[in-house]
file data.cif (mmCIF, C-alpha atoms)
data_run
#
loop_
_atom_site.group_PDB
_atom_site.id
_atom_site.type_symbol
_atom_site.label_atom_id
_atom_site.label_comp_id
_atom_site.auth_asym_id
_atom_site.auth_seq_id
_atom_site.Cartn_x
_atom_site.Cartn_y
_atom_site.Cartn_z
ATOM 1 C CA GLN A 1 69.180 -20.997 83.577
ATOM 2 C CA VAL A 2 70.155 -22.345 86.957
ATOM 3 C CA GLN A 3 67.972 -22.210 90.021
ATOM 4 C CA LEU A 4 69.298 -22.459 93.548
ATOM 5 C CA VAL A 5 67.216 -23.418 96.560
ATOM 6 C CA GLU A 6 68.701 -22.921 100.007
ATOM 7 C CA SER A 7 67.420 -24.435 103.216
ATOM 8 C CA GLY A 8 68.442 -24.987 106.809
ATOM 9 C CA GLY A 9 68.537 -21.519 108.302
ATOM 10 C CA GLY A 10 66.915 -20.604 111.572
ATOM 11 C CA LEU A 11 67.413 -19.499 115.142
ATOM 12 C CA VAL A 12 70.095 -21.165 117.232
ATOM 13 C CA GLU A 13 71.710 -20.428 120.561
ATOM 14 C CA PRO A 14 75.389 -19.493 120.794
ATOM 15 C CA GLY A 15 77.514 -22.607 120.642
ATOM 16 C CA GLY A 16 74.917 -24.445 118.629
ATOM 17 C CA SER A 17 75.029 -25.914 115.142
ATOM 18 C CA LEU A 18 73.143 -25.594 111.881
ATOM 19 C CA ARG A 19 73.487 -27.213 108.493
ATOM 20 C CA LEU A 20 72.635 -25.296 105.349
ATOM 21 C CA SER A 21 71.903 -26.906 102.009
ATOM 22 C CA CYS A 22 71.802 -25.467 98.514
ATOM 23 C CA ALA A 23 70.468 -27.509 95.627
ATOM 24 C CA ALA A 24 71.098 -26.428 92.056
ATOM 25 C CA SER A 25 68.759 -27.341 89.234
ATOM 26 C CA GLY A 26 68.177 -26.354 85.645
ATOM 27 C CA THR A 27 70.581 -26.274 82.728
ATOM 28 C CA ILE A 28 73.829 -27.300 84.355
ATOM 29 C CA PHE A 29 76.686 -28.286 82.119
ATOM 30 C CA SER A 30 79.600 -27.877 84.441
ATOM 31 C CA ILE A 31 79.799 -26.411 87.917
ATOM 32 C CA ASN A 32 83.208 -24.886 88.520
ATOM 33 C CA ARG A 33 82.728 -23.630 92.033
ATOM 34 C CA MET A 34 80.099 -23.607 94.760
ATOM 35 C CA GLY A 35 80.162 -21.421 97.799
ATOM 36 C CA TRP A 36 78.474 -19.611 100.633
ATOM 37 C CA TYR A 37 78.439 -15.899 101.296
ATOM 38 C CA ARG A 38 76.766 -13.978 104.074
ATOM 39 C CA GLN A 39 75.530 -10.483 104.688
ATOM 40 C CA ALA A 40 74.945 -9.139 108.164
ATOM 41 C CA PRO A 41 72.748 -6.068 108.764
ATOM 42 C CA GLY A 42 74.582 -2.924 107.749
ATOM 43 C CA LYS A 43 77.525 -4.827 106.312
ATOM 44 C CA GLU A 44 78.688 -5.866 102.877
ATOM 45 C CA ARG A 45 78.258 -9.386 101.588
ATOM 46 C CA GLU A 46 81.337 -11.469 102.323
ATOM 47 C CA LEU A 47 82.682 -14.843 101.318
ATOM 48 C CA VAL A 48 82.307 -17.489 103.988
ATOM 49 C CA THR A 49 83.651 -20.498 102.127
ATOM 50 C CA ASP A 50 83.760 -22.079 98.708
ATOM 51 C CA ILE A 51 84.760 -25.320 97.069
ATOM 52 C CA THR A 52 86.023 -25.980 93.564
ATOM 53 C CA ASN A 53 84.993 -28.760 91.251
ATOM 54 C CA GLY A 54 88.157 -30.556 92.276
ATOM 55 C CA GLY A 55 87.359 -30.272 95.965
ATOM 56 C CA THR A 56 89.717 -27.469 96.972
ATOM 57 C CA THR A 57 88.204 -25.451 99.790
ATOM 58 C CA ASN A 58 88.673 -21.904 100.955
ATOM 59 C CA TYR A 59 87.455 -20.414 104.250
ATOM 60 C CA ALA A 60 87.210 -16.968 105.739
ATOM 61 C CA ASP A 61 89.468 -16.659 108.778
ATOM 62 C CA SER A 62 86.462 -15.945 110.978
ATOM 63 C CA VAL A 63 84.948 -19.387 110.350
ATOM 64 C CA LYS A 64 88.000 -21.625 110.067
ATOM 65 C CA GLY A 65 87.755 -24.604 112.364
ATOM 66 C CA ARG A 66 84.033 -24.067 112.923
ATOM 67 C CA PHE A 67 82.422 -24.296 109.478
ATOM 68 C CA THR A 68 82.793 -27.065 106.921
ATOM 69 C CA ILE A 69 81.736 -26.974 103.292
ATOM 70 C CA SER A 70 80.967 -30.138 101.367
ATOM 71 C CA LYS A 71 79.194 -31.100 98.176
ATOM 72 C CA ASP A 72 77.355 -33.928 96.508
ATOM 73 C CA ASN A 73 78.137 -33.790 92.807
ATOM 74 C CA ALA A 74 75.434 -36.273 91.901
ATOM 75 C CA LYS A 75 72.808 -34.046 93.494
ATOM 76 C CA ASN A 76 74.402 -30.714 92.503
ATOM 77 C CA THR A 77 74.111 -29.778 96.147
ATOM 78 C CA VAL A 78 76.466 -27.929 98.449
ATOM 79 C CA TYR A 79 76.285 -28.012 102.224
ATOM 80 C CA LEU A 80 77.552 -25.790 104.997
ATOM 81 C CA GLN A 81 77.951 -27.356 108.428
ATOM 82 C CA MET A 82 78.209 -24.606 111.005
ATOM 83 C CA ASN A 83 79.364 -25.486 114.512
ATOM 84 C CA SER A 84 80.184 -23.396 117.567
ATOM 85 C CA LEU A 85 78.022 -20.600 116.231
ATOM 86 C CA LYS A 86 78.526 -17.105 117.574
ATOM 87 C CA PRO A 87 76.198 -14.094 117.613
ATOM 88 C CA GLU A 88 78.456 -12.462 115.029
ATOM 89 C CA ASP A 89 77.584 -15.264 112.625
ATOM 90 C CA THR A 90 74.079 -13.848 112.396
ATOM 91 C CA ALA A 91 73.414 -12.982 108.769
ATOM 92 C CA VAL A 92 71.572 -13.929 105.633
ATOM 93 C CA TYR A 93 73.528 -16.736 104.017
ATOM 94 C CA TYR A 94 73.588 -16.944 100.233
ATOM 95 C CA CYS A 95 74.620 -19.804 98.046
ATOM 96 C CA LYS A 96 76.568 -19.036 94.880
ATOM 97 C CA VAL A 97 77.289 -21.412 92.044
ATOM 98 C CA ARG A 98 79.567 -20.747 89.095
ATOM 99 C CA VAL A 99 78.569 -22.571 85.932
ATOM 100 C CA ILE A 100 81.288 -22.099 83.337
ATOM 101 C CA LEU A 101 81.695 -18.283 83.527
ATOM 102 C CA THR A 102 78.324 -17.323 84.999
ATOM 103 C CA ASP A 103 77.533 -16.878 88.690
ATOM 104 C CA TYR A 104 74.108 -17.761 90.056
ATOM 105 C CA TRP A 105 72.836 -16.718 93.466
ATOM 106 C CA GLY A 106 70.244 -18.149 95.778
ATOM 107 C CA LYS A 107 67.706 -15.955 97.527
ATOM 108 C CA GLY A 108 69.330 -16.445 100.914
ATOM 109 C CA THR A 109 68.454 -18.057 104.196
ATOM 110 C CA LEU A 110 68.530 -16.249 107.541
ATOM 111 C CA VAL A 111 70.701 -17.549 110.345
ATOM 112 C CA THR A 112 70.192 -15.949 113.734
ATOM 113 C CA VAL A 113 72.467 -16.803 116.635
ATOM 114 C CA SER A 114 70.975 -15.548 119.870
ATOM 115 C CA SER A 115 70.095 -16.672 123.354
#

call {"tool": "encode", "arguments": {"input": "data.cif", "output": "structure tokens"}}
result
Amino acid sequence: QVQLVESGGGLVEPGGSLRLSCAASGTIFSINRMGWYRQAPGKERELVTDITNGGTTNYADSVKGRFTISKDNAKNTVYLQMNSLKPEDTAVYYCKVRVILTDYWGKGTLVTVSS
């Protein structure tokens, strides 16, 4: 089993920044992909960004140029640097990790962008 612990959410004003972290622990043989999803109230969960084991990144159009994903392989941790935050970025952010063919989800961390 793999456990994911997210941190870094909170309340921020529009234009501000936050950094999310997600640390994976447990029985980890090989992480293929790590990523961040979000779910706003009344909306479906959507992909924000992910990164492959080789470092290839993928971003939703809505966050390109503002969000940056990175990872520390030694710590099995993925980060999400969020800059120039907008009210529409308000959502619960979930970390997802793919280990071989199995996806594991974190419990989510709330990000609220409001003045």

call {"tool": "closest_residue", "arguments": {"input": "data.cif", "among": "A:Lys75, A:Arg38, A:Arg45, A:Arg66", "to": "Ser25 in chain A", "atoms": "all atoms listed in the file"}}
result
A:Lys75

call {"tool": "axis_aligned_box", "arguments": {"input": "data.cif", "around": "range 34-41 of chain A", "padding_each_side": "5 Å", "output": "lines of an AutoDock Vina configuration file"}}
result
center_x = 76.5
center_y = -14.8
center_z = 101.8
size_x = 17.4
size_y = 27.5
size_z = 24.0

call {"tool": "resolve_selection", "arguments": {"input": "data.cif", "expression": "the PyMOL selection byres ((chain A and resi 46-57) around 10)", "output": "PDB file with C-alpha atoms, in the coordinates of the input"}}
result
ATOM      1  CA  SER A  30      79.600 -27.877  84.441  1.00  0.00           C
ATOM      2  CA  ILE A  31      79.799 -26.411  87.917  1.00  0.00           C
ATOM      3  CA  ASN A  32      83.208 -24.886  88.520  1.00  0.00           C
ATOM      4  CA  ARG A  33      82.728 -23.630  92.033  1.00  0.00           C
ATOM      5  CA  MET A  34      80.099 -23.607  94.760  1.00  0.00           C
ATOM      6  CA  GLY A  35      80.162 -21.421  97.799  1.00  0.00           C
ATOM      7  CA  TRP A  36      78.474 -19.611 100.633  1.00  0.00           C
ATOM      8  CA  TYR A  37      78.439 -15.899 101.296  1.00  0.00           C
ATOM      9  CA  ARG A  38      76.766 -13.978 104.074  1.00  0.00           C
ATOM     10  CA  GLN A  39      75.530 -10.483 104.688  1.00  0.00           C
ATOM     11  CA  ALA A  40      74.945  -9.139 108.164  1.00  0.00           C
ATOM     12  CA  LYS A  43      77.525  -4.827 106.312  1.00  0.00           C
ATOM     13  CA  GLU A  44      78.688  -5.866 102.877  1.00  0.00           C
ATOM     14  CA  ARG A  45      78.258  -9.386 101.588  1.00  0.00           C
ATOM     15  CA  ASN A  58      88.673 -21.904 100.955  1.00  0.00           C
ATOM     16  CA  TYR A  59      87.455 -20.414 104.250  1.00  0.00           C
ATOM     17  CA  ALA A  60      87.210 -16.968 105.739  1.00  0.00           C
ATOM     18  CA  ASP A  61      89.468 -16.659 108.778  1.00  0.00           C
ATOM     19  CA  SER A  62      86.462 -15.945 110.978  1.00  0.00           C
ATOM     20  CA  VAL A  63      84.948 -19.387 110.350  1.00  0.00           C
ATOM     21  CA  LYS A  64      88.000 -21.625 110.067  1.00  0.00           C
ATOM     22  CA  PHE A  67      82.422 -24.296 109.478  1.00  0.00           C
ATOM     23  CA  THR A  68      82.793 -27.065 106.921  1.00  0.00           C
ATOM     24  CA  ILE A  69      81.736 -26.974 103.292  1.00  0.00           C
ATOM     25  CA  SER A  70      80.967 -30.138 101.367  1.00  0.00           C
ATOM     26  CA  LYS A  71      79.194 -31.100  98.176  1.00  0.00           C
ATOM     27  CA  ASN A  73      78.137 -33.790  92.807  1.00  0.00           C
ATOM     28  CA  VAL A  78      76.466 -27.929  98.449  1.00  0.00           C
ATOM     29  CA  LEU A  80      77.552 -25.790 104.997  1.00  0.00           C
ATOM     30  CA  TYR A  93      73.528 -16.736 104.017  1.00  0.00           C
ATOM     31  CA  TYR A  94      73.588 -16.944 100.233  1.00  0.00           C
ATOM     32  CA  CYS A  95      74.620 -19.804  98.046  1.00  0.00           C
ATOM     33  CA  LYS A  96      76.568 -19.036  94.880  1.00  0.00           C
ATOM     34  CA  VAL A  97      77.289 -21.412  92.044  1.00  0.00           C
ATOM     35  CA  ARG A  98      79.567 -20.747  89.095  1.00  0.00           C
TER      36      ARG A  98
END

call {"tool": "atom_distance", "arguments": {"input": "data.cif", "atom1": "CA of Thr109 in chain A", "atom2": "CA of Ser17 in chain A"}}
result
15.0 Å

call {"tool": "atom_distance", "arguments": {"input": "data.cif", "atom1": "CA of Thr77 in chain A", "atom2": "CA of Ser114 in chain A"}}
result
27.8 Å

call {"tool": "resolve_selection", "arguments": {"input": "data.cif", "expression": "the PyMOL selection byres ((chain A and resi 9) around 12)", "output": "PyMOL selection string"}}
result
chain A and resi 5-8+10-12+17-22+38+79-82+89-94+108-113

call {"tool": "closest_residue", "arguments": {"input": "data.cif", "among": "A:Asp72, A:Ser84, A:Lys107, A:Gly42", "to": "Gln3 in chain A", "atoms": "all atoms listed in the file"}}
result
A:Lys107

call {"tool": "atom_distance", "arguments": {"input": "data.cif", "atom1": "CA of Leu101 in chain A", "atom2": "CA of Thr27 in chain A"}}
result
13.7 Å

call {"tool": "closest_residue", "arguments": {"input": "data.cif", "among": "A:Gly65, A:Gly26, A:Gly106, A:Pro87", "to": "Pro14 in chain A", "atoms": "only C-alpha atoms"}}
result
A:Pro87
